[in-house]
$ cat target_12.pdb   # PDB, C-alpha atoms
ATOM      1  CA  MET A1227      25.912 -22.595  25.040
ATOM      2  CA  ASN A1228      24.506 -19.203  24.153
ATOM      3  CA  THR A1229      26.073 -17.440  27.078
ATOM      4  CA  LEU A1230      29.550 -16.896  25.659
ATOM      5  CA  VAL A1231      28.544 -13.367  24.792
ATOM      6  CA  LYS A1232      25.831 -11.675  26.702
ATOM      7  CA  LYS A1233      24.433  -8.257  26.269
ATOM      8  CA  ASN A1234      24.986  -7.282  29.880
ATOM      9  CA  ALA A1235      28.678  -8.003  29.657
ATOM     10  CA  GLU A1236      29.011  -5.307  27.055
ATOM     11  CA  PRO A1237      28.014  -1.912  28.364
ATOM     12  CA  ALA A1238      29.795  -0.420  25.379
ATOM     13  CA  ALA A1239      27.236  -2.032  23.100
ATOM     14  CA  ALA A1240      24.320  -0.272  24.696
ATOM     15  CA  ALA A1241      23.007   3.103  23.664
ATOM     16  CA  GLN A1242      26.175   4.935  24.635
ATOM     17  CA  PRO A1243      29.309   4.271  22.667
ATOM     18  CA  VAL A1244      31.510   4.965  25.691
ATOM     19  CA  ALA A1245      31.663   2.160  28.194
ATOM     20  CA  VAL A1246      30.124   3.174  31.480
ATOM     21  CA  GLU A1247      32.811   1.847  33.771
ATOM     22  CA  CYS A1248      35.779   3.343  31.928
ATOM     23  CA  GLU A1249      37.013   6.885  32.015
ATOM     24  CA  ARG A1250      38.652   6.631  28.604
ATOM     25  CA  GLU A1251      37.036   6.169  25.278
ATOM     26  CA  TYR A1252      37.573   2.859  23.544
ATOM     27  CA  ILE A1253      36.407   1.350  20.342
ATOM     28  CA  ARG A1254      34.860  -2.074  20.212
ATOM     29  CA  PRO A1255      36.747  -4.506  18.005
ATOM     30  CA  VAL A1256      34.672  -6.653  15.661
ATOM     31  CA  VAL A1257      34.787 -10.361  16.460
ATOM     32  CA  ASP A1258      33.902 -13.732  15.066
ATOM     33  CA  ILE A1259      33.143 -16.452  17.591
ATOM     34  CA  TYR A1260      32.569 -20.013  16.566
ATOM     35  CA  GLN A1261      32.433 -23.395  18.174
ATOM     36  CA  THR A1262      34.837 -26.215  17.696
ATOM     37  CA  GLN A1263      34.874 -29.736  19.025
ATOM     38  CA  ASP A1264      36.886 -28.687  22.060
ATOM     39  CA  GLY A1265      35.288 -25.350  22.816
ATOM     40  CA  TYR A1266      35.242 -21.947  21.160
ATOM     41  CA  VAL A1267      37.497 -19.826  18.982
ATOM     42  CA  LEU A1268      37.286 -16.028  19.150
ATOM     43  CA  GLU A1269      38.896 -13.878  16.464
ATOM     44  CA  ALA A1270      39.091 -10.127  17.065
ATOM     45  CA  GLU A1271      40.296  -7.444  14.665
ATOM     46  CA  LEU A1272      42.806  -5.137  16.320
ATOM     47  CA  PRO A1273      44.604  -3.321  13.496
ATOM     48  CA  GLY A1274      47.653  -1.383  14.664
ATOM     49  CA  VAL A1275      48.027  -3.383  17.867
ATOM     50  CA  SER A1276      51.166  -5.432  18.420
ATOM     51  CA  LYS A1277      51.593  -8.381  20.759
ATOM     52  CA  ASP A1278      53.006  -6.057  23.405
ATOM     53  CA  GLY A1279      49.987  -3.773  23.312
ATOM     54  CA  LEU A1280      47.589  -6.568  24.183
ATOM     55  CA  SER A1281      46.100  -7.295  27.554
ATOM     56  CA  ILE A1282      43.744 -10.190  28.090
ATOM     57  CA  ASN A1283      42.231 -10.700  31.502
ATOM     58  CA  VAL A1284      39.812 -13.188  32.983
ATOM     59  CA  GLU A1285      38.053 -12.113  36.135
ATOM     60  CA  GLY A1286      35.322 -14.382  37.376
ATOM     61  CA  ASN A1287      33.335 -15.192  34.259
ATOM     62  CA  LEU A1288      34.303 -12.028  32.401
ATOM     63  CA  LEU A1289      36.967 -11.971  29.720
ATOM     64  CA  THR A1290      38.368  -8.539  28.913
ATOM     65  CA  VAL A1291      40.394  -7.876  25.781
ATOM     66  CA  GLU A1292      42.283  -4.615  25.527
ATOM     67  CA  GLY A1293      44.593  -3.493  22.760
ATOM     68  CA  ARG A1294      46.763  -0.386  22.672
ATOM     69  CA  ARG A1295      47.830   0.967  19.303
ATOM     70  CA  SER A1296      51.552   0.709  18.869
ATOM     71  CA  ALA A1297      52.037   3.701  16.554
ATOM     72  CA  PRO A1298      52.551   7.045  18.304
ATOM     73  CA  ALA A1299      49.490   9.269  18.054
ATOM     74  CA  LEU A1300      49.894  11.965  15.420
ATOM     75  CA  PRO A1301      48.417  15.419  15.911
ATOM     76  CA  GLU A1302      45.097  15.767  14.144
ATOM     77  CA  SER A1303      46.517  18.589  12.015
ATOM     78  CA  GLU A1304      48.821  16.162  10.188
ATOM     79  CA  PHE A1305      45.908  14.217   8.801
ATOM     80  CA  PHE A1306      44.836  15.275   5.392
ATOM     81  CA  TYR A1307      42.057  12.751   5.666
ATOM     82  CA  ARG A1308      41.182  10.365   8.457
ATOM     83  CA  GLU A1309      38.893   7.377   8.855
ATOM     84  CA  SER A1310      40.738   5.408  11.513
ATOM     85  CA  SER A1311      40.145   6.008  15.187
ATOM     86  CA  ALA A1312      42.894   7.016  17.583
ATOM     87  CA  ALA A1313      41.188   5.244  20.474
ATOM     88  CA  ASP A1314      42.398   1.924  21.821
ATOM     89  CA  PHE A1315      40.335  -1.227  21.674
ATOM     90  CA  ARG A1316      38.368  -2.823  24.492
ATOM     91  CA  ARG A1317      35.653  -5.405  24.705
ATOM     92  CA  VAL A1318      34.273  -7.579  27.493
ATOM     93  CA  PHE A1319      32.780 -11.032  27.027
ATOM     94  CA  GLU A1320      30.909 -13.263  29.381
ATOM     95  CA  LEU A1321      32.362 -16.732  29.402
ATOM     96  CA  ASP A1322      30.430 -19.920  29.092
ATOM     97  CA  PRO A1323      30.855 -21.667  32.492
ATOM     98  CA  ALA A1324      32.030 -24.774  30.616
ATOM     99  CA  ILE A1325      35.194 -22.954  29.473
ATOM    100  CA  ASP A1326      38.406 -23.855  31.254
ATOM    101  CA  ALA A1327      39.791 -20.375  31.947
ATOM    102  CA  ALA A1328      43.228 -21.736  32.836
ATOM    103  CA  LYS A1329      43.630 -23.221  29.380
ATOM    104  CA  ILE A1330      42.733 -20.181  27.274
ATOM    105  CA  SER A1331      45.473 -19.473  24.761
ATOM    106  CA  ALA A1332      46.071 -16.468  22.517
ATOM    107  CA  ARG A1333      47.838 -15.767  19.260
ATOM    108  CA  MET A1334      48.366 -12.434  17.513
ATOM    109  CA  GLU A1335      49.019 -12.153  13.802
ATOM    110  CA  GLN A1336      48.718  -9.085  11.579
ATOM    111  CA  GLY A1337      46.169  -7.397  13.786
ATOM    112  CA  ILE A1338      44.041 -10.488  14.382
ATOM    113  CA  LEU A1339      43.836 -11.837  17.905
ATOM    114  CA  THR A1340      42.839 -15.487  17.998
ATOM    115  CA  LEU A1341      41.727 -16.812  21.366
ATOM    116  CA  THR A1342      41.230 -20.522  21.831
ATOM    117  CA  LEU A1343      38.797 -21.219  24.642
ATOM    118  CA  PRO A1344      38.683 -24.928  25.438
ATOM    119  CA  LYS A1345      35.924 -26.437  27.536
ATOM    120  CA  VAL A1346      36.665 -28.366  30.697
ATOM    121  CA  GLU A1347      37.068 -32.077  30.049
ATOM    122  CA  ALA A1348      33.727 -32.927  31.665
ATOM    123  CA  ALA A1349      31.878 -30.608  29.298
ATOM    124  CA  LYS A1350      33.334 -32.018  26.084
ATOM    125  CA  PRO A1351      31.219 -34.373  24.040
ATOM    126  CA  ARG A1352      32.069 -37.981  24.751
ATOM    127  CA  LYS A1353      31.231 -41.121  22.992
ATOM    128  CA  ILE A1354      30.200 -43.935  25.239
ATOM    129  CA  ALA A1355      30.726 -47.373  23.904
ATOM    130  CA  VAL A1356      28.171 -49.970  24.758
ATOM    131  CA  ALA A1357      29.786 -53.098  26.088
TER     132      ALA A1357
ATOM    133  CA  MET B 372      39.303  14.683  -2.695
ATOM    134  CA  THR B 373      36.360  12.432  -2.094
ATOM    135  CA  LEU B 374      36.475   9.301  -0.055
ATOM    136  CA  THR B 375      33.447   7.770   1.498
ATOM    137  CA  ARG B 376      33.459   4.824   3.731
ATOM    138  CA  TRP B 377      30.730   2.346   4.208
ATOM    139  CA  GLN B 378      30.676  -0.078   7.107
ATOM    140  CA  ARG B 379      28.503  -3.052   7.500
ATOM    141  CA  PRO B 380      26.375  -2.674  10.619
ATOM    142  CA  ASN B 381      27.707  -4.878  13.409
ATOM    143  CA  GLY B 382      26.285  -8.338  13.618
ATOM    144  CA  PHE B 383      24.200  -7.815  10.530
ATOM    145  CA  GLY B 384      23.021 -10.997   8.960
ATOM    146  CA  LEU B 385      22.253 -13.031  12.033
ATOM    147  CA  ALA B 386      18.898 -14.703  11.769
ATOM    148  CA  PRO B 387      16.622 -14.766  14.825
ATOM    149  CA  TRP B 388      17.190 -18.464  15.358
ATOM    150  CA  GLN B 389      20.980 -18.146  15.390
ATOM    151  CA  PRO B 390      22.826 -17.908  18.687
ATOM    152  CA  GLY B 391      24.038 -14.384  19.296
ATOM    153  CA  TYR B 392      20.963 -12.813  17.753
ATOM    154  CA  SER B 393      19.371 -10.088  19.762
ATOM    155  CA  LEU B 394      16.257  -8.164  18.911
ATOM    156  CA  GLN B 395      17.674  -5.127  20.669
ATOM    157  CA  ASP B 396      20.736  -5.189  18.418
ATOM    158  CA  ASP B 397      18.551  -5.473  15.388
ATOM    159  CA  LEU B 398      16.311  -2.600  16.393
ATOM    160  CA  SER B 399      19.170  -0.278  17.233
ATOM    161  CA  GLN B 400      20.773  -1.144  13.904
ATOM    162  CA  LEU B 401      17.548  -0.279  12.177
ATOM    163  CA  PHE B 402      17.539   3.153  13.793
ATOM    164  CA  GLN B 403      21.221   3.624  13.077
ATOM    165  CA  SER B 404      20.700   2.778   9.458
ATOM    166  CA  PHE B 405      17.887   5.314   9.203
ATOM    167  CA  GLY B 406      20.116   7.860  10.866
ATOM    168  CA  GLY B 407      22.825   7.031   8.344
ATOM    169  CA  VAL B 408      20.515   7.514   5.401
ATOM    170  CA  PHE B 409      19.460  10.933   6.560
ATOM    171  CA  ASP B 410      22.914  12.051   7.568
ATOM    172  CA  SER B 411      24.676  11.025   4.420
ATOM    173  CA  PRO B 412      22.802  10.240   1.233
ATOM    174  CA  LEU B 413      26.122   9.466  -0.421
ATOM    175  CA  GLU B 414      26.836   6.615   1.945
ATOM    176  CA  ALA B 415      23.417   5.188   1.305
ATOM    177  CA  SER B 416      24.035   5.123  -2.412
ATOM    178  CA  LEU B 417      27.441   3.519  -1.816
ATOM    179  CA  GLU B 418      25.718   0.857   0.185
ATOM    180  CA  ALA B 419      23.523   0.141  -2.806
ATOM    181  CA  GLN B 420      26.565   0.078  -5.058
ATOM    182  CA  PHE B 421      28.564  -2.340  -2.969
ATOM    183  CA  PRO B 422      26.192  -4.763  -1.324
ATOM    184  CA  GLY B 423      28.180  -6.876   1.072
ATOM    185  CA  GLY B 424      31.409  -5.041   0.339
ATOM    186  CA  TRP B 425      34.269  -4.278   2.652
ATOM    187  CA  LEU B 426      35.822  -0.813   2.760
ATOM    188  CA  PRO B 427      38.779  -0.672   5.112
ATOM    189  CA  ALA B 428      39.563   2.592   6.942
ATOM    190  CA  VAL B 429      42.110   4.773   5.176
ATOM    191  CA  ASP B 430      44.137   7.706   6.522
ATOM    192  CA  VAL B 431      46.100  10.218   4.456
ATOM    193  CA  ILE B 432      48.872  11.889   6.429
ATOM    194  CA  ASP B 433      50.450  15.086   5.192
ATOM    195  CA  GLY B 434      54.074  15.079   6.255
ATOM    196  CA  LYS B 435      56.723  17.708   5.571
ATOM    197  CA  ASP B 436      58.250  15.985   2.562
ATOM    198  CA  THR B 437      56.045  12.929   2.363
ATOM    199  CA  VAL B 438      52.478  11.820   1.884
ATOM    200  CA  THR B 439      51.636   8.673   3.842
ATOM    201  CA  VAL B 440      48.583   6.538   3.251
ATOM    202  CA  LYS B 441      47.587   4.029   5.913
ATOM    203  CA  ALA B 442      44.921   1.393   5.558
ATOM    204  CA  GLU B 443      43.578  -0.891   8.276
ATOM    205  CA  LEU B 444      43.650  -4.354   6.768
ATOM    206  CA  PRO B 445      43.865  -6.809   9.648
ATOM    207  CA  GLY B 446      44.376 -10.480   8.950
ATOM    208  CA  MET B 447      45.604 -10.342   5.361
ATOM    209  CA  LYS B 448      48.500 -11.899   3.558
ATOM    210  CA  LYS B 449      51.029  -9.524   2.011
ATOM    211  CA  GLU B 450      50.657 -11.163  -1.381
ATOM    212  CA  ASP B 451      46.890 -10.632  -1.368
ATOM    213  CA  ILE B 452      47.238  -6.831  -1.314
ATOM    214  CA  ASP B 453      47.594  -4.905  -4.586
ATOM    215  CA  ILE B 454      48.797  -1.327  -4.731
ATOM    216  CA  SER B 455      48.987   0.799  -7.856
ATOM    217  CA  LEU B 456      49.403   4.474  -8.615
ATOM    218  CA  GLN B 457      47.955   6.029 -11.705
ATOM    219  CA  GLU B 458      47.575   9.695 -12.510
ATOM    220  CA  GLY B 459      47.715  10.796  -8.906
ATOM    221  CA  VAL B 460      45.246   8.174  -7.745
ATOM    222  CA  LEU B 461      46.426   5.449  -5.426
ATOM    223  CA  ASN B 462      44.468   2.249  -5.803
ATOM    224  CA  LEU B 463      44.368  -0.361  -3.059
ATOM    225  CA  SER B 464      42.664  -3.652  -3.584
ATOM    226  CA  GLY B 465      42.836  -7.203  -2.387
ATOM    227  CA  GLU B 466      41.066 -10.124  -0.955
ATOM    228  CA  ARG B 467      40.815 -11.373   2.587
ATOM    229  CA  LYS B 468      40.222 -15.056   2.902
ATOM    230  CA  SER B 469      38.681 -16.717   5.891
ATOM    231  CA  GLY B 470      41.025 -19.178   7.541
ATOM    232  CA  ARG B 471      38.117 -20.879   9.207
ATOM    233  CA  ASP B 472      37.513 -24.522   8.718
ATOM    234  CA  GLU B 473      34.050 -24.825   7.211
ATOM    235  CA  LYS B 474      33.541 -28.102   8.990
ATOM    236  CA  SER B 475      33.747 -26.549  12.449
ATOM    237  CA  GLY B 476      30.691 -26.033  14.575
ATOM    238  CA  GLY B 477      28.128 -23.304  15.033
ATOM    239  CA  VAL B 478      28.775 -19.594  14.768
ATOM    240  CA  ALA B 479      28.082 -17.502  17.858
ATOM    241  CA  ARG B 480      29.136 -14.120  16.404
ATOM    242  CA  SER B 481      29.937 -13.119  12.880
ATOM    243  CA  GLU B 482      31.009  -9.502  12.574
ATOM    244  CA  ARG B 483      34.165  -9.780  10.465
ATOM    245  CA  TRP B 484      34.297  -9.224   6.744
ATOM    246  CA  PHE B 485      35.847 -11.491   4.193
ATOM    247  CA  GLY B 486      36.181 -11.063   0.477
ATOM    248  CA  ARG B 487      37.381  -8.367  -1.872
ATOM    249  CA  PHE B 488      37.871  -4.712  -1.174
ATOM    250  CA  GLN B 489      38.904  -1.755  -3.277
ATOM    251  CA  ARG B 490      39.723   1.806  -2.387
ATOM    252  CA  SER B 491      40.895   4.657  -4.577
ATOM    253  CA  ILE B 492      42.549   7.641  -2.991
ATOM    254  CA  SER B 493      43.310  10.722  -5.022
ATOM    255  CA  LEU B 494      46.512  12.068  -3.543
ATOM    256  CA  PRO B 495      46.607  15.679  -2.397
ATOM    257  CA  TYR B 496      50.061  16.263  -3.964
ATOM    258  CA  ALA B 497      52.129  15.073  -6.863
ATOM    259  CA  VAL B 498      54.560  12.387  -5.656
ATOM    260  CA  GLU B 499      57.850  10.921  -6.848
ATOM    261  CA  THR B 500      56.590   7.753  -8.483
ATOM    262  CA  ARG B 501      59.983   6.079  -8.372
ATOM    263  CA  ASN B 502      60.274   6.294  -4.623
ATOM    264  CA  ILE B 503      57.327   4.580  -2.973
ATOM    265  CA  LYS B 504      57.732   2.440   0.109
ATOM    266  CA  ALA B 505      55.076   0.086   1.404
ATOM    267  CA  SER B 506      55.029  -2.029   4.539
ATOM    268  CA  TYR B 507      52.480  -4.216   6.274
ATOM    269  CA  THR B 508      52.714  -4.598  10.050
ATOM    270  CA  ASN B 509      50.161  -5.353  12.761
ATOM    271  CA  GLY B 510      47.465  -5.480  10.108
ATOM    272  CA  VAL B 511      48.106  -1.921   8.924
ATOM    273  CA  LEU B 512      49.334  -1.172   5.416
ATOM    274  CA  THR B 513      51.551   1.910   5.236
ATOM    275  CA  ILE B 514      52.517   3.507   1.930
ATOM    276  CA  GLU B 515      55.010   6.317   2.094
ATOM    277  CA  MET B 516      55.529   8.565  -0.913
ATOM    278  CA  ALA B 517      57.900  11.466  -1.312
ATOM    279  CA  LYS B 518      56.313  14.693  -2.494
ATOM    280  CA  ALA B 519      57.463  15.760  -5.932
ATOM    281  CA  GLU B 520      60.135  18.464  -5.893
ATOM    282  CA  GLU B 521      57.878  21.088  -7.396
ATOM    283  CA  VAL B 522      55.266  20.847  -4.662
ATOM    284  CA  LYS B 523      57.646  20.951  -1.705
ATOM    285  CA  PRO B 524      57.496  24.200   0.204
ATOM    286  CA  LYS B 525      60.449  26.387  -0.644
ATOM    287  CA  GLN B 526      61.942  28.833   1.687
ATOM    288  CA  ILE B 527      62.952  32.094   0.134
ATOM    289  CA  LYS B 528      65.114  34.371   2.123
ATOM    290  CA  VAL B 529      64.301  38.006   1.848
ATOM    291  CA  GLU B 530      66.716  40.441   3.258
ATOM    292  CA  ILE B 531      65.400  43.616   4.670
ATOM    293  CA  LYS B 532      67.481  46.566   3.864
TER     294      LYS B 532
END

$ encode --input "target_12.pdb" --output "structure tokens"
Amino acid sequence: MNTLVKKNAEPAAAAQPVAVECEREYIRPVVDIYQTQDGYVLEAELPGVSKDGLSINVEGNLLTVEGRRSAPALPESEFFYRESSAADFRRVFELDPAIDAAKISARMEQGILTLTLPKVEAAKPRKIAVA
Amino acid sequence: MTLTRWQRPNGFGLAPWQPGYSLQDDLSQLFQSFGGVFDSPLEASLEAQFPGGWLPAVDVIDGKDTVTVKAELPGMKKEDIDISLQEGVLNLSGERKSGRDEKSGGVARSERWFGRFQRSISLPYAVETRNIKASYTNGVLTIEMAKAEEVKPKQIKVEIK
């Protein structure tokens, strides 16, 4: 149950802000993850990313979320003041083995990616009636 | 122009018995927060001013004829964002509500912010107050203002004799 997110799946979270296995610099989107009756829901904040800029991949038990910003990058000189980052988003999560990877669904709305991660039927809570 | 941003440390608020808690996270946050205090005393005082607040990232872009302000406000409703301009200061405020069903199960990660925010941006130039365009797409609020005539760069031709 606690393995949905594991430290070792997130090299970017360690001491170095740049993920070890990537050549580019990414920023780590903030997420909320909570459980539902059927599995988990993951909500990630990806401001400036449209549906087309998203890439969600499952490889083995690792879920990778990447988001490219849709606005063209402006030269730094045009910014009078800047707090946003120009870097794209990336974050890797380790999936709970009970999650049915084939049934993961995604929705994107105003910069919020909502992933629904249902558990396989066998892992869902079941009520057993006593005859 | 002064704008200071304060960000809640990631994952802050998880108790040791909650899933997703990690001592390593907590310790590195502790060091980061010390670092923050020493680097920027202003941010530390802001933190005291706005406990549990949310300050979205704001950019001010200096175009040729326009000043554009962008704010990262993912997951909001258009009607929950307020924009006003007063004496050269652009005020952004609003409230982000959680769409989560309180009845649902346990929380594994809680890094997102909900609640009210407010930012005031003093604009670098005078702008035409009658011509302000705002849009909200992909969770980014964009406010485009035309620079007032008197502050636009003028080209003066000088002939050399």

$ interface_residues --input "target_12.pdb" --of "chain B" --to "chain A" --cutoff "7 Å" --atoms "all atoms listed in the file" --output "list in words"
Pro390, Gly391, Ala428, Val429, Asp430, Val431, Ile432, Asp433, Gly434, Glu443, Leu444, Pro445, Gly446, Ser475, Gly476, Gly477, Val478, Ala479, Arg480, Ser481, Glu482, Arg483, Thr508, Asn509, Gly510 and Val511 of chain B

$ closest_residue --input "target_12.pdb" --among "A:Glu1292, A:Glu1285, A:Asp1264, A:Asp1278" --to "A:Ala1324" --atoms "all atoms listed in the file"
A:Asp1264

$ residues_around --input "target_12.pdb" --residues "B:Lys518" --least-positions-apart "6" --cutoff "6 Å" --atoms "all atoms listed in the file" --output "PyMOL selection string"
chain B and resi 436-437+498-499

$ write_last_selection --input "target_12.pdb" --atoms "C-alpha atoms" --output "short mmCIF file (atom, residue, chain, number, x, y, z; two decimals), in the frame of the given file"
data_model
loop_
_atom_site.label_atom_id
_atom_site.label_comp_id
_atom_site.auth_asym_id
_atom_site.auth_seq_id
_atom_site.Cartn_x
_atom_site.Cartn_y
_atom_site.Cartn_z
CA ASP B 436 58.25 15.98 2.56
CA THR B 437 56.04 12.93 2.36
CA VAL B 498 54.56 12.39 -5.66
CA GLU B 499 57.85 10.92 -6.85
#

$ atom_distance --input "target_12.pdb" --atom1 "atom CA of A:Val1318" --atom2 "atom CA of A:Val1291"
6.4 Å

$ residues_around --input "target_12.pdb" --residues "B:Lys448" --least-positions-apart "6" --cutoff "9 Å" --atoms "all atoms listed in the file" --output "ChimeraX atom specification"
/A:1336 /B:466-468

$ atom_distance --input "target_12.pdb" --atom1 "atom CA of B:Ser491" --atom2 "atom CA of B:Ser455"
9.5 Å

$ atom_distance --input "target_12.pdb" --atom1 "atom CA of B:Arg501" --atom2 "atom CA of B:Lys525"
21.7 Å

$ closest_residue --input "target_12.pdb" --among "A:Ile1354, A:Ile1253, A:Ala1348, A:Ala1313" --to "A:Ala1299" --atoms "all atoms listed in the file"
A:Ala1313

$ resolve_selection --input "target_12.pdb" --expression "the PyMOL selection byres ((chain B and resi 503) around 7)" --output "list in words"
Thr500, Arg501, Asn502, Lys504, Ala505, Ile514, Glu515 and Met516 of chain B
